[in-house]
There are 2 protein chains.
Amino acid sequence: MDESQTSPRALTIYDVARHAGVSIASVSRVLNGRNSPRPETRERVLRAVAELGFVPDGAARALSSRLKEVVGVVYRRVNARVDEFAISDEDESLLFVDVINRGVEIAARRRGFDMLISSVDVYDQPDGRIDSMAGKSDGLILHDPLLSLEKLSRIAKRTPIVTLAGRPTPNSVNVRADNESSMRELVAHLLDEHGYRTLAYLGAHDDSPDSAARGAAFLAECQRVGATAVTGPEWRGNYMADGAAKIIADHLARDESLPQAIVCANDQTALGVMYELTENHIRVPEDVAVTGFDDIPVARHLRPQLTTVRQPIQKLGATAFDALYAMISGGTPPEPEIVLPTSVVIRGSCGCQSDVVVPWGK
Amino acid sequence: MDESQTSPRALTIYDVARHAGVSIASVSRVLNGRNSPRPETRERVLRAVAELGFVPDGAARALSSRLKEVVGVVYRRVNARVDEFAISDEDESLLFVDVINRGVEIAARRRGFDMLISSVDVYDQPDGRIDSMAGKSDGLILHDPLLSLEKLSRIAKRTPIVTLAGRPTPNSVNVRADNESSMRELVAHLLDEHGYRTLAYLGAHDDSPDSAARGAAFLAECQRVGATAVTGPEWRGNYMADGAAKIIADHLARDESLPQAIVCANDQTALGVMYELTENHIRVPEDVAVTGFDDIPVARHLRPQLTTVRQPIQKLGATAFDALYAMISGGTPPEPEIVLPTSVVIRGSCGCQSDVVVPWGK
DNA sequence: CGCAGTACGGTAAGCGCTTACCGCGACGGT
DNA sequence: ACCGTCGCGGTAAGCGCTTACCGTACTGCG
């Protein structure tokens, strides 16, 4: 065996103590910056640590201090075909979730936390994963309605949990964006500025509170002016481009007439809709207007640029972490539900002539 | 205080043992599926676990079994302005790294590992982060040349490390895609099929082995036919769209003539180039041909669609994990460097008329 | 009917840290 | 010059698991 191979036996605090000629308590104190050891002692320990290249074991530290400094994040994944060479287009859906996660991570780092992340296949039972993650972290952030409310509630009794775009339970906090007001504003724009009178809402599965809330706001606004609001089970995508494209294709195949505007539950959905319409030589926005929700980066690179609702995506993640951290450190518990503001972004796909130049970079 | 609040005190294996009327050893044995306890005992333990909602503590388990079942992943992050509402366009760069990470995660899960992930700001010293991650995981996957070779080499002595697009060291393994052959093939296509004779290579920083290898292949191929190869310090992007756009803008500002084809170090770069050219009413590919590298999903949604080199992005991640796992579990050590095959993808941006319809979904 | 063999499951010893507790030497006040 | 005080730093007790080791109660065989 090669002597230069990795760790014959990992270093411990005892090795460092011996090397520095002090006790393990002193090493620990220096490493944790508490109880001010004398500068000279400090110095010797630091030197020993550097010479040996010692890194304290996180598991032991966590066990002893009852804090892992790890936040677990669980989200749904769409496809897992790692062995295939090609990447499905649906990987675009990485964006939304990943921007949130980035927000989590950045906020976590401020507190010295790292992020343990795990995706769950759509058809998998997430329970096992969630338990495993709970055991390895100080608290969990759950995207989407991954769990039924009872299960959530049960697990939340033992582990701090923050959900994203879910619902609060007695023991868990929910963080979401304000769906209602911006959706109403957006639909009002379609109704009042453009005068559309037949509109459809292309939502997602029913157990998505976000989609439901957006749909409700859409309906309410249509009713306000007596416009025809098309919706229902055949107008259910899955938040993804392919599902949306398929719905439009099916609709066209049935030879039904299209509404004047299609309001989508998110940008991915809008992407799929615009794609399929264009394929069928139906012009956006001249023939049919399309709007999204989220304002993912790609939204402004489409032609026409997508009119949508901007969510503070990264901030959603950061807020979720901050709430979780408050629960973990046992300070003042956060509100059961935190709602972040959104804003309507008018671009070209609703019929406005406002396609502007978007420079790369700032 | 509300009694239903989270864990008054976390459950331990002792609680479960008492509840089930067995010893902690039996609980542990059932939970780990070894040493076949009697079905009846097994049953009782399982019931107690379910009733209590017990989840074993990962830190204690890791400390005891000397295996955390966690893989650490460290990569560079571009911008961290979480407090700002807007998302920089550069967040598109999420894609490449995140697809790799997804590959890591999926491969990790097969072995019961979770993924601890941490980004490092471009201007931050990654050492501290890396040590911290090393302490919390069984091994590390490092994107990019995050560390100098000496540092890498030093750290790799104590922790299993796999780098991506870096270089192998005596103690660490490197995983990368085959830059040379596909780049040569791509440039040959530009040279031989399209007859271009002035081409530029828009690379990245010099410490990127990938960029260097691609540049070298580009040069070699140009020399083969005696074409003019433009390159040099003013043709250095940062793998990102904004840097690339700026370089083109500067070039144009100096009123210098453009080459017939711009070969980019990656797709992001090509994105920026195409954007800036279009802004200046320079047509792609009629006036200048552009090619990328990576084949990120968005590449085929540009107009014209991007001619590029496809890397098995997700598989790079999966391969990196598999190599790391081999190191961790001490089986046969993997090769010091693993090179995955790439392939040229001809689309419209090189001047070919091959823009095809790309349906959403499979 | 007695004893070796077997299998189940309990006891206890760590894993590598943090930290409460305490001993010891130096210092200053009287 | 003596003793109380204080600050530094060492000793040891866990943190919640896994698992080696061993006792016990059964089985089957002579």
# chains A, B, ... in the order shown; residues from 1 in each chain; ligands from 1
$ residues_around --residues "DC17 of chain D" --least-positions-apart "6" --cutoff "10 Å" --atoms "only C-alpha atoms (C1' of nucleotides)" --output "short mmCIF file (atom, residue, chain, number, x, y, z; two decimals) with C-alpha atoms (C1' of nucleotides), in the first residue's frame"
data_model
loop_
_atom_site.label_atom_id
_atom_site.label_comp_id
_atom_site.auth_asym_id
_atom_site.auth_seq_id
_atom_site.Cartn_x
_atom_site.Cartn_y
_atom_site.Cartn_z
CA LEU A 63 -23.01 15.04 19.05
CA THR B 12 -33.00 8.43 21.83
CA ILE B 13 -32.55 4.80 21.25
CA ILE B 24 -30.68 -0.62 23.02
CA ALA B 25 -28.56 -3.14 21.18
CA SER B 28 -29.89 -0.68 16.91
CA PRO B 56 -31.85 8.12 14.93
CA ASP B 57 -29.36 10.92 15.29
CA GLY B 58 -27.04 11.08 12.34
CA ALA B 59 -24.18 12.59 14.25
CA ALA B 60 -24.11 9.84 16.85
CA ARG B 61 -24.46 7.23 14.21
CA ALA B 62 -21.66 8.76 12.19
CA LEU B 63 -19.40 9.08 15.18
CA SER B 64 -19.89 5.50 16.11
CA SER B 65 -19.80 3.90 12.71
"C1'" DC C 15 -16.31 6.91 18.52
#
$ residues_around --residues "segment 304-307 of chain B" --least-positions-apart "3" --cutoff "10 Å" --atoms "only C-alpha atoms (C1' of nucleotides)" --output "PyMOL selection string"
chain B and resi 186+263+267+270-271+274+283-285+289-293+295-296+298-301+310+344-356
$ write_last_selection --atoms "N, CA and C atoms" --output "tab-separated table (two decimals), in the first residue's frame"
chain	number	residue	atom	x	y	z
B	186	LEU	N	-14.95	20.04	-33.99
B	186	LEU	CA	-15.78	21.22	-34.19
B	186	LEU	C	-15.05	22.26	-35.04
B	263	VAL	N	-15.17	30.95	-31.58
B	263	VAL	CA	-15.30	29.68	-30.88
B	263	VAL	C	-15.21	29.97	-29.39
B	267	ASP	N	-20.95	27.48	-23.39
B	267	ASP	CA	-22.20	28.01	-23.94
B	267	ASP	C	-22.56	29.39	-23.37
B	270	ALA	N	-20.85	31.89	-25.30
B	270	ALA	CA	-21.47	32.03	-26.61
B	270	ALA	C	-22.77	32.83	-26.52
B	271	LEU	N	-23.50	32.62	-25.45
B	271	LEU	CA	-24.74	33.35	-25.23
B	271	LEU	C	-24.47	34.85	-25.21
B	274	MET	N	-23.39	36.12	-28.71
B	274	MET	CA	-24.51	36.25	-29.64
B	274	MET	C	-25.39	37.43	-29.26
B	283	ARG	N	-25.16	39.93	-37.79
B	283	ARG	CA	-25.95	38.71	-37.85
B	283	ARG	C	-25.13	37.45	-37.59
B	284	VAL	N	-25.77	36.55	-36.83
B	284	VAL	CA	-25.20	35.23	-36.59
B	284	VAL	C	-26.11	34.23	-37.28
B	285	PRO	N	-25.61	33.38	-38.11
B	285	PRO	CA	-24.20	33.17	-38.45
B	285	PRO	C	-23.76	33.89	-39.72
B	289	ALA	N	-19.92	33.52	-37.35
B	289	ALA	CA	-20.40	32.25	-36.78
B	289	ALA	C	-19.97	32.17	-35.33
B	290	VAL	N	-20.79	31.50	-34.53
B	290	VAL	CA	-20.47	31.37	-33.10
B	290	VAL	C	-20.69	29.92	-32.68
B	291	THR	N	-19.78	29.41	-31.87
B	291	THR	CA	-20.01	28.07	-31.31
B	291	THR	C	-19.77	28.08	-29.81
B	292	GLY	N	-20.36	27.11	-29.14
B	292	GLY	CA	-20.23	27.02	-27.69
B	292	GLY	C	-19.56	25.73	-27.25
B	293	PHE	N	-19.78	25.39	-26.00
B	293	PHE	CA	-19.26	24.14	-25.46
B	293	PHE	C	-20.06	23.82	-24.21
B	295	ASP	N	-23.38	22.32	-24.31
B	295	ASP	CA	-24.75	22.00	-24.67
B	295	ASP	C	-25.68	22.06	-23.46
B	296	ILE	N	-25.72	23.22	-22.85
B	296	ILE	CA	-26.70	23.40	-21.78
B	296	ILE	C	-28.08	23.49	-22.43
B	298	VAL	N	-30.49	25.51	-22.64
B	298	VAL	CA	-30.93	26.70	-23.35
B	298	VAL	C	-30.30	26.82	-24.73
B	299	ALA	N	-29.22	26.09	-24.96
B	299	ALA	CA	-28.50	26.22	-26.23
B	299	ALA	C	-29.39	25.97	-27.44
B	300	ARG	N	-30.36	25.10	-27.29
B	300	ARG	CA	-31.18	24.79	-28.47
B	300	ARG	C	-32.41	25.68	-28.54
B	301	HIS	N	-32.52	26.59	-27.59
B	301	HIS	CA	-33.65	27.51	-27.66
B	301	HIS	C	-33.25	28.90	-28.12
B	310	ARG	N	-21.39	18.63	-26.93
B	310	ARG	CA	-22.18	18.12	-25.81
B	310	ARG	C	-21.32	17.34	-24.82
B	344	VAL	N	-19.82	16.43	-30.91
B	344	VAL	CA	-20.15	17.71	-31.55
B	344	VAL	C	-21.63	17.73	-31.92
B	345	VAL	N	-22.28	18.84	-31.63
B	345	VAL	CA	-23.68	19.00	-31.99
B	345	VAL	C	-23.79	20.17	-32.97
B	346	ILE	N	-24.05	19.84	-34.20
B	346	ILE	CA	-24.14	20.87	-35.23
B	346	ILE	C	-25.56	21.43	-35.27
B	347	ARG	N	-25.68	22.73	-35.04
B	347	ARG	CA	-26.99	23.37	-35.20
B	347	ARG	C	-26.82	24.58	-36.10
B	348	GLY	N	-27.52	25.64	-35.87
B	348	GLY	CA	-27.50	26.72	-36.85
B	348	GLY	C	-26.41	27.76	-36.70
B	349	SER	N	-25.87	27.94	-35.49
B	349	SER	CA	-25.03	29.11	-35.25
B	349	SER	C	-23.67	29.05	-35.92
B	350	CYS	N	-23.33	27.90	-36.51
B	350	CYS	CA	-22.04	27.80	-37.18
B	350	CYS	C	-22.20	28.13	-38.66
B	351	GLY	N	-23.47	28.28	-39.08
B	351	GLY	CA	-23.70	28.56	-40.48
B	351	GLY	C	-24.45	27.45	-41.19
B	352	CYS	N	-24.65	26.35	-40.49
B	352	CYS	CA	-25.43	25.26	-41.09
B	352	CYS	C	-26.91	25.61	-41.07
B	353	GLN	N	-27.64	24.99	-41.98
B	353	GLN	CA	-29.07	25.28	-42.07
B	353	GLN	C	-29.87	24.22	-41.32
B	354	SER	N	-29.37	23.81	-40.21
B	354	SER	CA	-29.95	22.62	-39.63
B	354	SER	C	-30.83	22.87	-38.40
B	355	ASP	N	-31.36	24.07	-38.29
B	355	ASP	CA	-32.21	24.31	-37.13
B	355	ASP	C	-33.45	23.41	-37.18
B	356	VAL	N	-33.50	22.52	-36.24
B	356	VAL	CA	-34.60	21.58	-36.23
B	356	VAL	C	-35.60	21.90	-35.13
$ select_by_dssp --residues "segment 6-123 of chain A" --states "strand (DSSP E)" --output "PyMOL selection string"
chain A and resi 70-77+114-121
$ residues_around --residues "DA13 of chain D" --least-positions-apart "3" --cutoff "12 Å" --atoms "only C-alpha atoms (C1' of nucleotides)" --output "PyMOL selection string"
(chain A and resi 64) or (chain C and resi 18-21)
$ interface_residues --of "chain D" --to "chain A" --cutoff "8 Å" --atoms "only C-alpha atoms (C1' of nucleotides)" --output "PyMOL selection string"
chain D and resi 8-10+15-16
$ select_by_dssp --residues "segment 188-352 of chain A" --states "helix (DSSP H, G or I)" --output "MDAnalysis selection string"
chainID A and resid 188:193 209:225 233:235 241:253 267:279 297:301 313:328
$ interface_residues --of "chain C" --to "chain B" --cutoff "9 Å" --atoms "only C-alpha atoms (C1' of nucleotides)" --output "VMD selection string"
chain C and resid 8 to 10 14 to 16
$ residues_around --residues "Ala229 of chain A" --least-positions-apart "2" --cutoff "10 Å" --atoms "only C-alpha atoms (C1' of nucleotides)" --output "list in words"
Arg197, Thr198, Leu199, Ala200, Tyr201, Phe218, Leu219, Ala220, Glu221, Cys222, Gln223, Gly226, Ala227, Thr231, Gly232, Pro259, Ala261 and Ile262 of chain A
$ write_last_selection --atoms "N, CA and C atoms" --output "mmCIF file, in the first residue's frame"
data_model
loop_
_atom_site.group_PDB
_atom_site.id
_atom_site.type_symbol
_atom_site.label_atom_id
_atom_site.label_comp_id
_atom_site.auth_asym_id
_atom_site.auth_seq_id
_atom_site.Cartn_x
_atom_site.Cartn_y
_atom_site.Cartn_z
ATOM 1 N N ARG A 197 -61.781 39.254 -23.100
ATOM 2 C CA ARG A 197 -63.002 38.831 -22.400
ATOM 3 C C ARG A 197 -63.168 37.306 -22.310
ATOM 4 N N THR A 198 -62.275 36.566 -22.957
ATOM 5 C CA THR A 198 -62.226 35.107 -22.750
ATOM 6 C C THR A 198 -60.812 34.775 -22.347
ATOM 7 N N LEU A 199 -60.650 34.322 -21.127
ATOM 8 C CA LEU A 199 -59.308 34.007 -20.650
ATOM 9 C C LEU A 199 -59.322 32.637 -19.998
ATOM 10 N N ALA A 200 -58.173 31.966 -20.079
ATOM 11 C CA ALA A 200 -58.054 30.658 -19.425
ATOM 12 C C ALA A 200 -56.962 30.725 -18.380
ATOM 13 N N TYR A 201 -57.136 29.946 -17.337
ATOM 14 C CA TYR A 201 -56.074 29.809 -16.340
ATOM 15 C C TYR A 201 -55.515 28.400 -16.465
ATOM 16 N N PHE A 218 -57.463 34.754 -10.159
ATOM 17 C CA PHE A 218 -57.816 34.879 -11.581
ATOM 18 C C PHE A 218 -59.336 34.895 -11.756
ATOM 19 N N LEU A 219 -59.980 33.919 -11.145
ATOM 20 C CA LEU A 219 -61.437 33.806 -11.244
ATOM 21 C C LEU A 219 -62.141 35.035 -10.710
ATOM 22 N N ALA A 220 -61.718 35.448 -9.537
ATOM 23 C CA ALA A 220 -62.365 36.589 -8.893
ATOM 24 C C ALA A 220 -62.305 37.815 -9.791
ATOM 25 N N GLU A 221 -61.151 37.997 -10.403
ATOM 26 C CA GLU A 221 -60.985 39.187 -11.228
ATOM 27 C C GLU A 221 -61.843 39.100 -12.500
ATOM 28 N N CYS A 222 -61.895 37.902 -13.077
ATOM 29 C CA CYS A 222 -62.722 37.727 -14.269
ATOM 30 C C CYS A 222 -64.188 38.011 -13.941
ATOM 31 N N GLN A 223 -64.595 37.504 -12.791
ATOM 32 C CA GLN A 223 -65.989 37.722 -12.397
ATOM 33 C C GLN A 223 -66.298 39.206 -12.211
ATOM 34 N N GLY A 226 -67.199 40.308 -15.467
ATOM 35 C CA GLY A 226 -68.066 39.415 -16.215
ATOM 36 C C GLY A 226 -67.418 38.774 -17.429
ATOM 37 N N ALA A 227 -66.102 38.591 -17.371
ATOM 38 C CA ALA A 227 -65.411 37.949 -18.485
ATOM 39 C C ALA A 227 -65.558 36.431 -18.386
ATOM 40 N N THR A 231 -61.438 27.306 -17.215
ATOM 41 C CA THR A 231 -60.534 26.580 -16.312
ATOM 42 C C THR A 231 -61.089 25.175 -16.145
ATOM 43 N N GLY A 232 -60.618 24.420 -15.184
ATOM 44 C CA GLY A 232 -61.124 23.057 -14.999
ATOM 45 C C GLY A 232 -60.053 22.020 -15.167
ATOM 46 N N PRO A 259 -58.869 30.725 -26.017
ATOM 47 C CA PRO A 259 -59.238 31.994 -25.379
ATOM 48 C C PRO A 259 -58.336 33.112 -25.897
ATOM 49 N N ALA A 261 -56.635 35.068 -24.010
ATOM 50 C CA ALA A 261 -55.430 35.133 -23.183
ATOM 51 C C ALA A 261 -55.321 33.866 -22.345
ATOM 52 N N ILE A 262 -54.100 33.378 -22.200
ATOM 53 C CA ILE A 262 -53.871 32.215 -21.349
ATOM 54 C C ILE A 262 -52.975 32.651 -20.197
#
$ residues_around --residues "DG29 of chain C" --least-positions-apart "6" --cutoff "12 Å" --atoms "only C-alpha atoms (C1' of nucleotides)" --output "list in words"
DA1, DC2, DC3, DG4 and DT5 of chain D
$ closest_residue --among "A:Pro145, A:Gly317, A:Gly195, A:Pro336" --to "chain B" --atoms "only C-alpha atoms"
A:Gly317
$ residues_around --residues "segment 339-342 of chain A" --least-positions-apart "5" --cutoff "9 Å" --atoms "only C-alpha atoms (C1' of nucleotides)" --output "list in words"
Asn174, Val175, Arg176, Ala177, Asp178, Asn179, Ser181, Ser182, Asp294, Val309, Arg310, Gln311, Pro312, Lys315, Leu316 and Thr319 of chain A
$ closest_residue --among "A:Ala50, A:Ala320, A:Val74, A:Leu147" --to "Asp114 of chain B" --atoms "only C-alpha atoms"
A:Val74
$ closest_residue --among "A:Asp15, A:Asp121, A:Asp242, A:Glu234" --to "chain B" --atoms "only C-alpha atoms"
A:Asp242
$ closest_residue --among "A:Asp206, A:Glu276, A:Glu256, A:Glu43" --to "chain B" --atoms "only C-alpha atoms"
A:Glu276
$ atom_distance --atom1 "atom CA of Val104 of chain A" --atom2 "atom CA of Gly237 of chain B"
28.8 Å
$ atom_distance --atom1 "atom CA of Ala241 of chain B" --atom2 "atom CA of Gln268 of chain B"
5.0 Å
$ atom_distance --atom1 "atom CA of Glu180 of chain A" --atom2 "atom CA of Ala165 of chain A"
13.2 Å
